[in-house]
Each structure stands twice: as C-alpha cells, then as structure tokens.
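This is protein11.pdb (PDB, C-alpha atoms, pLDDT in the B column).
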```
MODEL        1
ATOM      1  CA  MET A 547      12.697  48.738  38.482  1.00 34.00           C
ATOM      2  CA  LYS A 548       9.114  47.941  39.159  1.00 36.00           C
ATOM      3  CA  LYS A 549       6.644  50.420  37.726  1.00 34.00           C
ATOM      4  CA  ILE A 550       3.062  50.344  38.827  1.00 34.00           C
ATOM      5  CA  PHE A 551       0.183  51.524  36.718  1.00 31.00           C
ATOM      6  CA  THR A 552      -3.275  50.833  37.991  1.00 31.00           C
ATOM      7  CA  LEU A 553      -6.278  51.616  35.904  1.00 32.00           C
ATOM      8  CA  PHE A 554      -9.741  51.742  37.375  1.00 29.00           C
ATOM      9  CA  ALA A 555     -11.888  51.977  34.317  1.00 29.00           C
ATOM     10  CA  ALA A 556     -15.574  52.014  33.803  1.00 29.00           C
ATOM     11  CA  LEU A 557     -15.947  53.815  30.532  1.00 30.00           C
ATOM     12  CA  THR A 558     -19.347  55.317  30.040  1.00 28.00           C
ATOM     13  CA  ILE A 559     -19.514  57.433  26.958  1.00 30.00           C
ATOM     14  CA  SER A 560     -23.249  57.492  26.405  1.00 31.00           C
ATOM     15  CA  ALA A 561     -26.042  54.985  26.704  1.00 35.00           C
ATOM     16  CA  GLY A 562     -25.714  54.001  23.049  1.00 40.00           C
ATOM     17  CA  ALA A 563     -21.944  54.101  22.907  1.00 43.00           C
ATOM     18  CA  PHE A 564     -21.544  52.178  26.151  1.00 48.00           C
ATOM     19  CA  ALA A 565     -23.070  49.141  24.489  1.00 51.00           C
ATOM     20  CA  GLN A 566     -20.493  49.330  21.674  1.00 76.00           C
ATOM     21  CA  ILE A 567     -17.395  49.034  23.862  1.00 83.00           C
ATOM     22  CA  PRO A 568     -16.754  45.350  24.502  1.00 86.00           C
ATOM     23  CA  ASN A 569     -16.823  44.533  28.213  1.00 89.00           C
ATOM     24  CA  ALA A 570     -16.598  48.262  29.014  1.00 87.00           C
ATOM     25  CA  SER A 571     -17.134  47.760  32.737  1.00 87.00           C
ATOM     26  CA  PHE A 572     -14.608  44.881  32.941  1.00 91.00           C
ATOM     27  CA  GLU A 573     -17.199  42.634  34.595  1.00 93.00           C
ATOM     28  CA  SER A 574     -16.617  39.620  32.276  1.00 94.00           C
ATOM     29  CA  TRP A 575     -13.400  37.585  32.620  1.00 95.00           C
ATOM     30  CA  THR A 576     -12.233  34.228  31.266  1.00 95.00           C
ATOM     31  CA  THR A 577      -9.633  31.967  32.851  1.00 92.00           C
ATOM     32  CA  SER A 578      -6.941  30.746  30.440  1.00 85.00           C
ATOM     33  CA  GLY A 579      -4.410  28.494  32.157  1.00 84.00           C
ATOM     34  CA  SER A 580      -3.605  30.316  35.395  1.00 86.00           C
ATOM     35  CA  ALA A 581      -4.344  33.759  33.938  1.00 89.00           C
ATOM     36  CA  ASN A 582      -7.624  35.601  34.284  1.00 92.00           C
ATOM     37  CA  ASN A 583      -8.241  37.817  31.232  1.00 94.00           C
ATOM     38  CA  PRO A 584     -10.882  40.482  30.564  1.00 94.00           C
ATOM     39  CA  ASP A 585     -13.200  39.398  27.742  1.00 94.00           C
ATOM     40  CA  GLY A 586     -12.678  41.420  24.555  1.00 91.00           C
ATOM     41  CA  TRP A 587      -9.383  42.973  25.689  1.00 92.00           C
ATOM     42  CA  GLY A 588      -5.884  41.958  24.581  1.00 92.00           C
ATOM     43  CA  ASN A 589      -3.065  42.072  27.132  1.00 92.00           C
ATOM     44  CA  LEU A 590       0.389  40.652  27.859  1.00 90.00           C
ATOM     45  CA  ASN A 591      -0.677  37.787  30.140  1.00 92.00           C
ATOM     46  CA  ALA A 592      -0.066  35.118  27.477  1.00 89.00           C
ATOM     47  CA  THR A 593       3.525  36.384  27.141  1.00 86.00           C
ATOM     48  CA  THR A 594       4.335  37.187  30.766  1.00 87.00           C
ATOM     49  CA  GLY A 595       2.677  34.012  32.045  1.00 88.00           C
ATOM     50  CA  SER A 596       5.706  32.036  30.852  1.00 85.00           C
ATOM     51  CA  PHE A 597       7.724  34.098  33.368  1.00 85.00           C
ATOM     52  CA  MET A 598       5.143  33.276  36.080  1.00 88.00           C
ATOM     53  CA  PHE A 599       3.700  36.776  36.446  1.00 91.00           C
ATOM     54  CA  TYR A 600       0.810  38.738  34.955  1.00 93.00           C
ATOM     55  CA  THR A 601       0.540  42.427  34.092  1.00 92.00           C
ATOM     56  CA  CYS A 602      -3.260  42.376  33.754  1.00 94.00           C
ATOM     57  CA  GLU A 603      -5.383  41.259  36.691  1.00 94.00           C
ATOM     58  CA  LYS A 604      -8.973  41.397  37.851  1.00 93.00           C
ATOM     59  CA  GLY A 605      -9.527  43.733  40.767  1.00 90.00           C
ATOM     60  CA  THR A 606     -12.600  43.591  42.958  1.00 88.00           C
ATOM     61  CA  THR A 607     -11.825  45.410  46.195  1.00 86.00           C
ATOM     62  CA  GLY A 608     -12.970  48.996  45.921  1.00 82.00           C
ATOM     63  CA  ALA A 609     -14.367  48.727  42.384  1.00 81.00           C
ATOM     64  CA  PRO A 610     -15.618  52.199  41.428  1.00 79.00           C
ATOM     65  CA  ASP A 611     -18.593  50.866  39.445  1.00 78.00           C
ATOM     66  CA  GLY A 612     -19.915  47.333  39.403  1.00 83.00           C
ATOM     67  CA  SER A 613     -18.046  44.460  41.016  1.00 88.00           C
ATOM     68  CA  ALA A 614     -14.758  44.430  39.065  1.00 90.00           C
ATOM     69  CA  PHE A 615     -12.108  46.564  37.399  1.00 91.00           C
ATOM     70  CA  ILE A 616      -8.947  46.019  35.407  1.00 91.00           C
ATOM     71  CA  LYS A 617      -5.653  46.362  37.270  1.00 91.00           C
ATOM     72  CA  LEU A 618      -2.596  46.858  35.085  1.00 91.00           C
ATOM     73  CA  THR A 619       0.885  46.645  36.621  1.00 90.00           C
ATOM     74  CA  SER A 620       4.190  47.018  34.747  1.00 88.00           C
ATOM     75  CA  LYS A 621       6.664  44.419  36.015  1.00 88.00           C
ATOM     76  CA  SER A 622      10.355  43.630  35.625  1.00 87.00           C
ATOM     77  CA  VAL A 623      11.068  40.589  33.462  1.00 84.00           C
ATOM     78  CA  PRO A 624      13.190  38.104  35.451  1.00 84.00           C
ATOM     79  CA  LEU A 625      16.840  37.718  34.403  1.00 81.00           C
ATOM     80  CA  THR A 626      16.665  40.743  32.080  1.00 80.00           C
ATOM     81  CA  THR A 627      16.679  44.515  32.325  1.00 80.00           C
ATOM     82  CA  SER A 628      13.349  44.665  30.455  1.00 80.00           C
ATOM     83  CA  VAL A 629      10.056  45.848  31.885  1.00 82.00           C
ATOM     84  CA  ALA A 630       6.819  44.307  30.678  1.00 84.00           C
ATOM     85  CA  PRO A 631       4.475  47.276  30.305  1.00 84.00           C
ATOM     86  CA  ALA A 632       0.978  47.280  31.695  1.00 87.00           C
ATOM     87  CA  VAL A 633      -1.260  47.487  28.652  1.00 89.00           C
ATOM     88  CA  ALA A 634      -4.734  46.418  27.579  1.00 91.00           C
ATOM     89  CA  VAL A 635      -6.249  47.006  24.155  1.00 91.00           C
ATOM     90  CA  THR A 636      -9.541  46.210  22.502  1.00 89.00           C
ATOM     91  CA  GLY A 637      -8.699  43.682  19.841  1.00 81.00           C
ATOM     92  CA  ASN A 638      -5.489  41.673  19.723  1.00 84.00           C
ATOM     93  CA  LEU A 639      -2.018  42.410  21.037  1.00 85.00           C
ATOM     94  CA  ALA A 640       1.059  40.596  19.714  1.00 85.00           C
ATOM     95  CA  VAL A 641       4.279  41.289  21.604  1.00 80.00           C
ATOM     96  CA  ASP A 642       7.965  40.443  21.403  1.00 78.00           C
ATOM     97  CA  LEU A 643       9.403  41.421  24.806  1.00 69.00           C
ATOM     98  CA  ALA A 644      12.983  40.789  23.707  1.00 72.00           C
ATOM     99  CA  ALA A 645      12.677  43.158  20.732  1.00 77.00           C
ATOM    100  CA  GLY A 646      10.320  45.530  22.560  1.00 74.00           C
ATOM    101  CA  THR A 647       7.796  45.469  19.704  1.00 80.00           C
ATOM    102  CA  TYR A 648       4.021  45.479  19.962  1.00 82.00           C
ATOM    103  CA  ASP A 649       1.450  44.967  17.231  1.00 85.00           C
ATOM    104  CA  ILE A 650      -2.174  45.903  17.828  1.00 85.00           C
ATOM    105  CA  SER A 651      -4.873  44.658  15.491  1.00 83.00           C
ATOM    106  CA  GLY A 652      -8.625  44.544  15.570  1.00 82.00           C
ATOM    107  CA  GLY A 653     -10.652  46.777  17.817  1.00 84.00           C
ATOM    108  CA  PHE A 654     -14.334  47.446  17.409  1.00 84.00           C
ATOM    109  CA  ALA A 655     -16.622  49.426  15.132  1.00 80.00           C
ATOM    110  CA  TRP A 656     -17.695  52.847  16.348  1.00 80.00           C
ATOM    111  CA  SER A 657     -20.724  54.221  14.562  1.00 78.00           C
ATOM    112  CA  THR A 658     -21.699  57.154  16.795  1.00 79.00           C
ATOM    113  CA  ARG A 659     -20.249  60.618  17.333  1.00 77.00           C
ATOM    114  CA  SER A 660     -20.156  60.844  21.103  1.00 78.00           C
ATOM    115  CA  ALA A 661     -19.689  64.247  22.687  1.00 82.00           C
ATOM    116  CA  ASN A 662     -17.870  62.923  25.767  1.00 81.00           C
ATOM    117  CA  LEU A 663     -15.470  60.264  26.944  1.00 75.00           C
ATOM    118  CA  THR A 664     -15.793  59.758  30.671  1.00 77.00           C
ATOM    119  CA  GLY A 665     -14.580  57.168  33.101  1.00 77.00           C
ATOM    120  CA  LYS A 666     -12.483  56.622  36.215  1.00 79.00           C
ATOM    121  CA  TRP A 667      -8.834  55.743  36.502  1.00 80.00           C
ATOM    122  CA  GLN A 668      -6.074  55.889  39.032  1.00 80.00           C
ATOM    123  CA  HIS A 669      -2.370  56.044  38.293  1.00 79.00           C
ATOM    124  CA  MET A 670       0.367  55.394  40.812  1.00 80.00           C
ATOM    125  CA  GLY A 671       3.524  56.374  38.958  1.00 74.00           C
ATOM    126  CA  SER A 672       7.115  55.734  39.863  1.00 72.00           C
ATOM    127  CA  GLY A 673      10.029  57.788  38.512  1.00 72.00           C
ATOM    128  CA  SER A 674       9.443  58.591  34.864  1.00 73.00           C
ATOM    129  CA  ASP A 675       6.455  56.246  34.566  1.00 72.00           C
ATOM    130  CA  HIS A 676       3.616  57.882  32.635  1.00 75.00           C
ATOM    131  CA  GLY A 677       0.038  56.686  32.784  1.00 81.00           C
ATOM    132  CA  ARG A 678      -1.918  57.038  29.564  1.00 82.00           C
ATOM    133  CA  ILE A 679      -5.300  56.279  28.125  1.00 83.00           C
ATOM    134  CA  ILE A 680      -5.147  56.448  24.360  1.00 82.00           C
ATOM    135  CA  VAL A 681      -8.142  56.392  22.052  1.00 82.00           C
ATOM    136  CA  ALA A 682      -7.304  56.067  18.361  1.00 81.00           C
ATOM    137  CA  PHE A 683      -9.826  56.225  15.557  1.00 79.00           C
ATOM    138  CA  SER A 684      -9.292  55.175  11.972  1.00 79.00           C
ATOM    139  CA  LYS A 685     -11.568  55.041   8.973  1.00 77.00           C
ATOM    140  CA  TRP A 686     -11.881  51.506   7.721  1.00 74.00           C
ATOM    141  CA  ASN A 687     -12.352  51.029   3.997  1.00 76.00           C
ATOM    142  CA  THR A 688     -13.750  47.538   3.407  1.00 75.00           C
ATOM    143  CA  ALA A 689     -12.904  47.724  -0.306  1.00 81.00           C
ATOM    144  CA  THR A 690      -9.163  48.007   0.341  1.00 72.00           C
TER     145      THR A 690
ENDMDL
END
```
Could you take the file, read its structure, and then write that structure out as structure tokens?
Amino acid sequence: MKKIFTLFAALTISAGAFAQIPNASFESWTTSGSANNPDGWGNLNATTGSFMFYTCEKGTTGAPDGSAFIKLTSKSVPLTTSVAPAVAVTGNLAVDLAAGTYDISGGFAWSTRSANLTGKWQHMGSGSDHGRIIVAFSKWNTAT
C-alpha cells in the first residue's frame, strides 16, 4: 500500500535560531548518483535508490517560501510487503529496511531558548498513515 506524506517545510523559529538549523528552507540540494538530497539532512535515498525509487525529493512547484521544499513520500518496496517510510532528519540516518530498524545520529547544536516553533507543512494521509514532525532535544556532555 502506497502511503503519501508530503512535507512543505520552511522552519522559521526566530532570526537567530533560523541560522542554526542547517538548510532550514531546503533551498540547497546536492546530487548524489541519480538522487537529489537536501544538504544537511539525512534520508532514505541511499537505501531506496537501489530499488530505483526515492522517498525524499526536491519540490519546486508551489513552494510556500523560497524556491524549493522537501517532499517526502512513503513507498512500497518492490517484491516485499515493506513500506519505506518518508523521513528526513538533521544529522545521519542509517537504515535496515529488512529489519525495519533506523539509527539516527548527529544533529546540530542548539544554543538558544526559542519561544516558538513555526513553519508550514502539508500531510496527505492514507488509511492509518500519520504525519509527524518530531523535535527532540538532548543535553550533550562532552566529557562523557
């Protein structure tokens, strides 16, 4: 079953915080093989590209802010019953589609206490598909 999750994101938290989020407006992209990936954001394209499809794509038509946005689409993995989820993370994403495991590492330093998190997104769900934006903070101890 094909699930579609489209995210129009232009995160603007505050003038100072905006500069901290890498490629927050999704304007910068790098081509790797036949995939086009947003700079500073991990996604499944390296994994799904071997199946000749991509879950993370650059959108330009109707961009809410600027000239581009990130379009994430969950897709069925050929010859399996698995679905490759539409996901993008700051930092690195390691995935094993067969085992259904995901490992996120990295991210970026956040040194301000912003009062708001604002942005734009659109979700076109199907069945029990749930669109989510998750922000997780952790305190990093450089000594340990």
Worksheet item: the PyMOL selection byres ((chain A and resi 627-630) around 9) on the file shown: which residues, as a PyMOL selection string?
Response: chain A and resi 547-549+590+594+601+619-626+631-633+643-644+646
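In this structure, CA of Leu663 in chain A sits 24.6 Å away from CA of Thr607 in chain A.
If you apply the PyMOL selection byres ((chain A and resi 635) around 6) to this structure, you end up with A:Trp587, A:Gly588, A:Ala634, A:Thr636, A:Gly637.
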Worksheet item: Any idea what the distance is between CA of Arg678 in chain A and CA of Tyr648 in chain A?
Response: 16.2 Å
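The shortest atom-to-atom distance to Ala614 in chain A, with all atoms listed in the file taken into account, belongs to A:Trp575 out of A:Trp686, A:Phe654, A:Trp575, A:Tyr600.
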Item to complete: Using CA of Gly586 in chain A and CA of Pro568 in chain A as the two end points, give the distance in Å to one decimal.
Response: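 Those two atoms sit 5.7 Å apart.
The residue that comes closest to Pro584 in chain A, out of A:Gln566, A:Asp675, A:Glu603, A:Arg659 and on the basis of all atoms listed in the file, is A:Glu603.
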File output for range 560-680 of chain A (C-alpha atoms) as a PDB file, in the first residue's frame:
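Once written, selection.pdb looks like this:
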```pdb
ATOM      1  CA  SER A 560      13.477  33.211  15.166  1.00  0.00           C
ATOM      2  CA  ALA A 561      16.041  35.264  13.326  1.00  0.00           C
ATOM      3  CA  GLY A 562      18.864  33.863  15.450  1.00  0.00           C
ATOM      4  CA  ALA A 563      17.585  30.316  15.590  1.00  0.00           C
ATOM      5  CA  PHE A 564      16.837  30.197  11.874  1.00  0.00           C
ATOM      6  CA  ALA A 565      20.542  30.473  11.164  1.00  0.00           C
ATOM      7  CA  GLN A 566      21.243  27.452  13.398  1.00  0.00           C
ATOM      8  CA  ILE A 567      19.053  24.972  11.521  1.00  0.00           C
ATOM      9  CA  PRO A 568      21.070  23.578   8.627  1.00  0.00           C
ATOM     10  CA  ASN A 569      19.410  24.289   5.283  1.00  0.00           C
ATOM     11  CA  ALA A 570      16.183  25.212   7.108  1.00  0.00           C
ATOM     12  CA  SER A 571      14.451  26.444   3.964  1.00  0.00           C
ATOM     13  CA  PHE A 572      15.512  23.385   1.909  1.00  0.00           C
ATOM     14  CA  GLU A 573      16.995  25.626  -0.788  1.00  0.00           C
ATOM     15  CA  SER A 574      20.361  23.777  -1.004  1.00  0.00           C
ATOM     16  CA  TRP A 575      20.498  20.316  -2.620  1.00  0.00           C
ATOM     17  CA  THR A 576      23.320  18.053  -3.796  1.00  0.00           C
ATOM     18  CA  THR A 577      23.071  15.400  -6.494  1.00  0.00           C
ATOM     19  CA  SER A 578      24.491  12.005  -5.488  1.00  0.00           C
ATOM     20  CA  GLY A 579      24.180   9.449  -8.280  1.00  0.00           C
ATOM     21  CA  SER A 580      20.625   9.903  -9.550  1.00  0.00           C
ATOM     22  CA  ALA A 581      19.313  11.139  -6.193  1.00  0.00           C
ATOM     23  CA  ASN A 582      18.914  14.769  -5.225  1.00  0.00           C
ATOM     24  CA  ASN A 583      19.409  15.211  -1.460  1.00  0.00           C
ATOM     25  CA  PRO A 584      18.823  18.217   0.807  1.00  0.00           C
ATOM     26  CA  ASP A 585      22.117  19.468   2.257  1.00  0.00           C
ATOM     27  CA  GLY A 586      22.442  18.760   5.986  1.00  0.00           C
ATOM     28  CA  TRP A 587      19.510  16.322   6.114  1.00  0.00           C
ATOM     29  CA  GLY A 588      19.709  12.523   6.260  1.00  0.00           C
ATOM     30  CA  ASN A 589      17.102  10.491   4.379  1.00  0.00           C
ATOM     31  CA  LEU A 590      16.484   7.052   2.872  1.00  0.00           C
ATOM     32  CA  ASN A 591      17.500   7.848  -0.717  1.00  0.00           C
ATOM     33  CA  ALA A 592      20.822   5.981  -0.447  1.00  0.00           C
ATOM     34  CA  THR A 593      18.891   2.854   0.604  1.00  0.00           C
ATOM     35  CA  THR A 594      15.825   3.133  -1.625  1.00  0.00           C
ATOM     36  CA  GLY A 595      17.878   4.174  -4.653  1.00  0.00           C
ATOM     37  CA  SER A 596      18.976   0.551  -5.065  1.00  0.00           C
ATOM     38  CA  PHE A 597      15.275  -0.239  -5.641  1.00  0.00           C
ATOM     39  CA  MET A 598      15.091   2.599  -8.211  1.00  0.00           C
ATOM     40  CA  PHE A 599      12.867   4.931  -6.190  1.00  0.00           C
ATOM     41  CA  TYR A 600      13.370   7.802  -3.756  1.00  0.00           C
ATOM     42  CA  THR A 601      11.359   8.798  -0.692  1.00  0.00           C
ATOM     43  CA  CYS A 602      12.906  12.276  -0.437  1.00  0.00           C
ATOM     44  CA  GLU A 603      12.638  14.660  -3.373  1.00  0.00           C
ATOM     45  CA  LYS A 604      13.064  18.334  -4.131  1.00  0.00           C
ATOM     46  CA  GLY A 605       9.806  20.122  -4.811  1.00  0.00           C
ATOM     47  CA  THR A 606       9.624  23.475  -6.537  1.00  0.00           C
ATOM     48  CA  THR A 607       6.082  23.957  -7.808  1.00  0.00           C
ATOM     49  CA  GLY A 608       4.085  25.883  -5.250  1.00  0.00           C
ATOM     50  CA  ALA A 609       6.917  26.313  -2.735  1.00  0.00           C
ATOM     51  CA  PRO A 610       5.454  28.152   0.266  1.00  0.00           C
ATOM     52  CA  ASP A 611       8.638  30.150   0.923  1.00  0.00           C
ATOM     53  CA  GLY A 612      11.638  30.482  -1.340  1.00  0.00           C
ATOM     54  CA  SER A 613      12.060  28.365  -4.452  1.00  0.00           C
ATOM     55  CA  ALA A 614      12.144  24.820  -3.022  1.00  0.00           C
ATOM     56  CA  PHE A 615      10.730  22.492  -0.389  1.00  0.00           C
ATOM     57  CA  ILE A 616      11.250  18.926   0.736  1.00  0.00           C
ATOM     58  CA  LYS A 617       8.737  16.349  -0.478  1.00  0.00           C
ATOM     59  CA  LEU A 618       8.668  13.101   1.476  1.00  0.00           C
ATOM     60  CA  THR A 619       6.686  10.131   0.143  1.00  0.00           C
ATOM     61  CA  SER A 620       6.430   6.691   1.778  1.00  0.00           C
ATOM     62  CA  LYS A 621       6.659   3.997  -0.900  1.00  0.00           C
ATOM     63  CA  SER A 622       6.194   0.239  -1.150  1.00  0.00           C
ATOM     64  CA  VAL A 623       9.440  -1.703  -1.503  1.00  0.00           C
ATOM     65  CA  PRO A 624       9.268  -3.872  -4.650  1.00  0.00           C
ATOM     66  CA  LEU A 625       8.931  -7.640  -4.139  1.00  0.00           C
ATOM     67  CA  THR A 626       8.252  -7.239  -0.403  1.00  0.00           C
ATOM     68  CA  THR A 627       5.408  -6.234   1.874  1.00  0.00           C
ATOM     69  CA  SER A 628       7.586  -3.498   3.416  1.00  0.00           C
ATOM     70  CA  VAL A 629       6.999   0.225   3.133  1.00  0.00           C
ATOM     71  CA  ALA A 630       9.947   2.594   3.069  1.00  0.00           C
ATOM     72  CA  PRO A 631       8.863   5.467   5.309  1.00  0.00           C
ATOM     73  CA  ALA A 632       9.211   9.072   4.289  1.00  0.00           C
ATOM     74  CA  VAL A 633      11.691  10.525   6.747  1.00  0.00           C
ATOM     75  CA  ALA A 634      14.301  13.269   6.892  1.00  0.00           C
ATOM     76  CA  VAL A 635      16.494  14.054   9.882  1.00  0.00           C
ATOM     77  CA  THR A 636      19.202  16.562  10.642  1.00  0.00           C
ATOM     78  CA  GLY A 637      22.342  14.515  11.000  1.00  0.00           C
ATOM     79  CA  ASN A 638      22.745  10.960   9.751  1.00  0.00           C
ATOM     80  CA  LEU A 639      20.225   8.191   9.208  1.00  0.00           C
ATOM     81  CA  ALA A 640      21.270   4.534   9.000  1.00  0.00           C
ATOM     82  CA  VAL A 641      18.516   2.121   7.993  1.00  0.00           C
ATOM     83  CA  ASP A 642      17.976  -1.602   7.562  1.00  0.00           C
ATOM     84  CA  LEU A 643      14.706  -1.920   5.611  1.00  0.00           C
ATOM     85  CA  ALA A 644      14.599  -5.696   6.000  1.00  0.00           C
ATOM     86  CA  ALA A 645      14.832  -5.490   9.803  1.00  0.00           C
ATOM     87  CA  GLY A 646      12.832  -2.251   9.987  1.00  0.00           C
ATOM     88  CA  THR A 647      15.487  -0.553  12.132  1.00  0.00           C
ATOM     89  CA  TYR A 648      16.619   3.055  11.974  1.00  0.00           C
ATOM     90  CA  ASP A 649      19.535   4.710  13.731  1.00  0.00           C
ATOM     91  CA  ILE A 650      19.747   8.489  13.919  1.00  0.00           C
ATOM     92  CA  SER A 651      22.990  10.169  14.900  1.00  0.00           C
ATOM     93  CA  GLY A 652      24.311  13.681  14.797  1.00  0.00           C
ATOM     94  CA  GLY A 653      22.042  16.672  14.570  1.00  0.00           C
ATOM     95  CA  PHE A 654      23.078  20.207  15.346  1.00  0.00           C
ATOM     96  CA  ALA A 655      23.842  22.336  18.384  1.00  0.00           C
ATOM     97  CA  TRP A 656      21.027  24.495  19.705  1.00  0.00           C
ATOM     98  CA  SER A 657      22.178  27.280  21.981  1.00  0.00           C
ATOM     99  CA  THR A 658      19.057  29.457  22.211  1.00  0.00           C
ATOM    100  CA  ARG A 659      15.759  29.102  24.053  1.00  0.00           C
ATOM    101  CA  SER A 660      13.262  29.940  21.344  1.00  0.00           C
ATOM    102  CA  ALA A 661       9.707  30.734  22.361  1.00  0.00           C
ATOM    103  CA  ASN A 662       8.145  29.397  19.150  1.00  0.00           C
ATOM    104  CA  LEU A 663       8.498  26.736  16.502  1.00  0.00           C
ATOM    105  CA  THR A 664       6.694  27.768  13.350  1.00  0.00           C
ATOM    106  CA  GLY A 665       6.641  26.528   9.809  1.00  0.00           C
ATOM    107  CA  LYS A 666       4.408  25.136   7.076  1.00  0.00           C
ATOM    108  CA  TRP A 667       3.606  21.551   6.254  1.00  0.00           C
ATOM    109  CA  GLN A 668       1.009  19.578   4.410  1.00  0.00           C
ATOM    110  CA  HIS A 669       0.078  15.970   5.040  1.00  0.00           C
ATOM    111  CA  MET A 670      -1.938  13.813   2.684  1.00  0.00           C
ATOM    112  CA  GLY A 671      -2.588  10.671   4.702  1.00  0.00           C
ATOM    113  CA  SER A 672      -3.918   7.343   3.568  1.00  0.00           C
ATOM    114  CA  GLY A 673      -5.558   4.819   5.908  1.00  0.00           C
ATOM    115  CA  SER A 674      -3.701   4.735   9.201  1.00  0.00           C
ATOM    116  CA  ASP A 675      -0.820   6.875   7.920  1.00  0.00           C
ATOM    117  CA  HIS A 676       0.167   9.514  10.475  1.00  0.00           C
ATOM    118  CA  GLY A 677       2.158  12.603   9.611  1.00  0.00           C
ATOM    119  CA  ARG A 678       4.546  13.789  12.297  1.00  0.00           C
ATOM    120  CA  ILE A 679       7.128  16.441  12.920  1.00  0.00           C
ATOM    121  CA  ILE A 680       9.255  15.473  15.881  1.00  0.00           C
TER     122      ILE A 680
END
```
